[in-house]
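Asker: I'd like to ask some things about the structure below.
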Amino acid sequence: MPLLRDLSLAIAVEDIACGRHTARARPLSPAVRTRLAELIETVTAQRWLQPAIAYRIRTITDRGGDWIELDGAIKLQAPLLAHRMRPASHLATVVCTVGESLSRQVSAWFGSGNPARAVLLDELGSIALTKLADRCGELLRDEALALGLDLSGSLHPGDDGFAIEQQAAVLQLAGGDELGIALQGGSTLAPLKSLTAVYGLGKKMPNWSAGDNCATCRARERCSYRRDGRTAGIAA
Ligand code: SF4
């Protein structure tokens with residue numbers, strides 16, 4: 001089970017200002033740019049980002065109308081997977097996290113009456129997670145290429161037709177316990193800035209982008225991290 005820790009993940013002021021990793025560009029005043037640059041320096045110096053990825057690729061051995069079977073033994077129940085992964089011969093389950101230090105600091109700043117800094121840091125954490133998710137897609141594309149296969153876009157527990165209750169199964173299949181990622185309250189991941197995803201690998205496997213996923217997401221109107229266009233990646 002591949003585990004990648006201590007990954008470098010550079011965050012820039014422009015990531016927020018230009019909405020490069022979300023569909024929401026934010027015009028930033030010079031003062032906010034300066035504060036943000038200082039905050040990024042602090043995040044780097046304090047190592048509040050500890051990006052890590054775990055994933056596992058398994059063979060799809062059987063499938064039905066609303067389930068797929070992996071390695072002859074593991075059954076994932078999800079109509080969305082059965083439908084979108086029909087051309088896939090393999091399924092990758094992945095989990096990634098930016099660690100818990102950043103979220104701990106967000107709570108500390110909220111608790112000490114510094115909500116503006118806390119909100120900005122929380123946004124940085126979400127953008128870092130989105131960038132890390134893009135990295136997962138790049139890694140798996142390389143894995144697919146090595147197998148002579150094509151990679152799909154990502155699907156996530158909580159998508160329509162992929163019940164959030166499947167989060168536990170995907171987390172376990174991806175190796176989340178190896179990274180110290182756990183479920184709390186049934187479907188929420190801890191550390192908070194973590195996510196799970198599933199990708200299909202197959203001959204002529206159709207691909208789709210994070211923006212394509214957002215286009216059909218029921219939360220898109222109220223989501224700050226909605227993505228547009230053909231940008232590969234994932235949603236937080
Ligand atoms: S919640 Fe929906 S709209 Fe927001 S980033 Fe995720 S898929 Fe896109």
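Residue numbers start at 1 in each chain; chains themselves are named A, B, ... in the order of the structure tokens; ligands are numbered from 1 in the order shown.
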Which residues come within 7 Å of segment 82-84 of chain A, counting only C-alpha atoms, excluding same-chain residues fewer than 2 positions away, as a PyMOL selection string?

Answerer: chain A and resi 63-68+78-80+86

Asker: Residues within 7 Å of ligand 1 (only C-alpha atoms and all ligand atoms), as number ranges by chain?

Answerer: A: 210-211, 213-214, 217-220, 223-227, 235-236

Asker: Let me make sure I understand: among A:Asp212, A:Glu100, A:Asp6, A:Asp71, which one has the smallest atom-to-atom distance to Pro191 of chain A if we use only C-alpha atoms?

Answerer: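 The shortest atom-to-atom distance to Pro191 of chain A comes from A:Glu100.
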
Asker: When you draw a straight line from atom CA of Ala128 of chain A to atom CA of Ser209 of chain A, how long is it in Å?

Answerer: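 Between atom CA of Ala128 of chain A and atom CA of Ser209 of chain A the gap is 17.9 Å.
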
Asker: Can you list every residue in segment 189-228 of chain A that DSSP puts in helix (DSSP H, G or I), as a list of chain:residue names?

Answerer: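 Those residues are A:Ala210, A:Gly211, A:Asp212, A:Asn213, A:Cys214, A:Ala215.
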
Asker: Find the residues around Ile181 of chain A up to 10 Å (only C-alpha atoms counted), leave out those fewer than 2 positions away in its own chain, and share them as a VMD selection string.

Answerer: chain A and resid 95 to 97 99 to 100 171 to 172 175 to 179 183 to 184 189 to 192 194 to 195

Asker: Just to be explicit: take each residue in the selection above, keep C-alpha atoms, and write the result as a PDB file, in the first residue's frame.

Answerer:
ATOM      1  CA  VAL A  95      -7.029   9.222   1.093  1.00  0.00           C
ATOM      2  CA  CYS A  96      -5.041  12.402   1.631  1.00  0.00           C
ATOM      3  CA  THR A  97      -4.616  14.849   4.473  1.00  0.00           C
ATOM      4  CA  GLY A  99      -2.509  16.856   8.884  1.00  0.00           C
ATOM      5  CA  GLU A 100      -4.045  18.207  12.055  1.00  0.00           C
ATOM      6  CA  LEU A 171     -10.905   5.101   4.080  1.00  0.00           C
ATOM      7  CA  GLN A 172     -10.045   1.578   5.168  1.00  0.00           C
ATOM      8  CA  GLY A 175      -5.029   2.726   4.106  1.00  0.00           C
ATOM      9  CA  GLY A 176      -6.226   5.700   6.134  1.00  0.00           C
ATOM     10  CA  ASP A 177      -5.288   4.030   9.420  1.00  0.00           C
ATOM     11  CA  GLU A 178      -1.643   3.995   8.275  1.00  0.00           C
ATOM     12  CA  LEU A 179      -1.812   7.796   8.149  1.00  0.00           C
ATOM     13  CA  LEU A 183     -13.796   8.645  11.184  1.00  0.00           C
ATOM     14  CA  GLN A 184     -15.574  10.736  13.753  1.00  0.00           C
ATOM     15  CA  LEU A 189     -12.701  12.554   8.749  1.00  0.00           C
ATOM     16  CA  ALA A 190     -10.193  13.464  11.418  1.00  0.00           C
ATOM     17  CA  PRO A 191      -7.960  15.350  10.764  1.00  0.00           C
ATOM     18  CA  LEU A 192     -10.637  17.606   9.342  1.00  0.00           C
ATOM     19  CA  SER A 194      -8.618  15.176   4.783  1.00  0.00           C
ATOM     20  CA  LEU A 195     -10.559  13.550   1.988  1.00  0.00           C
TER      21      LEU A 195
END

Asker: Between A:Arg117, A:Lys131, A:Leu76, A:Thr93, which residue has the minimum interatomic distance to Ser154 of chain A, considering only C-alpha atoms?

Answerer: A:Thr93
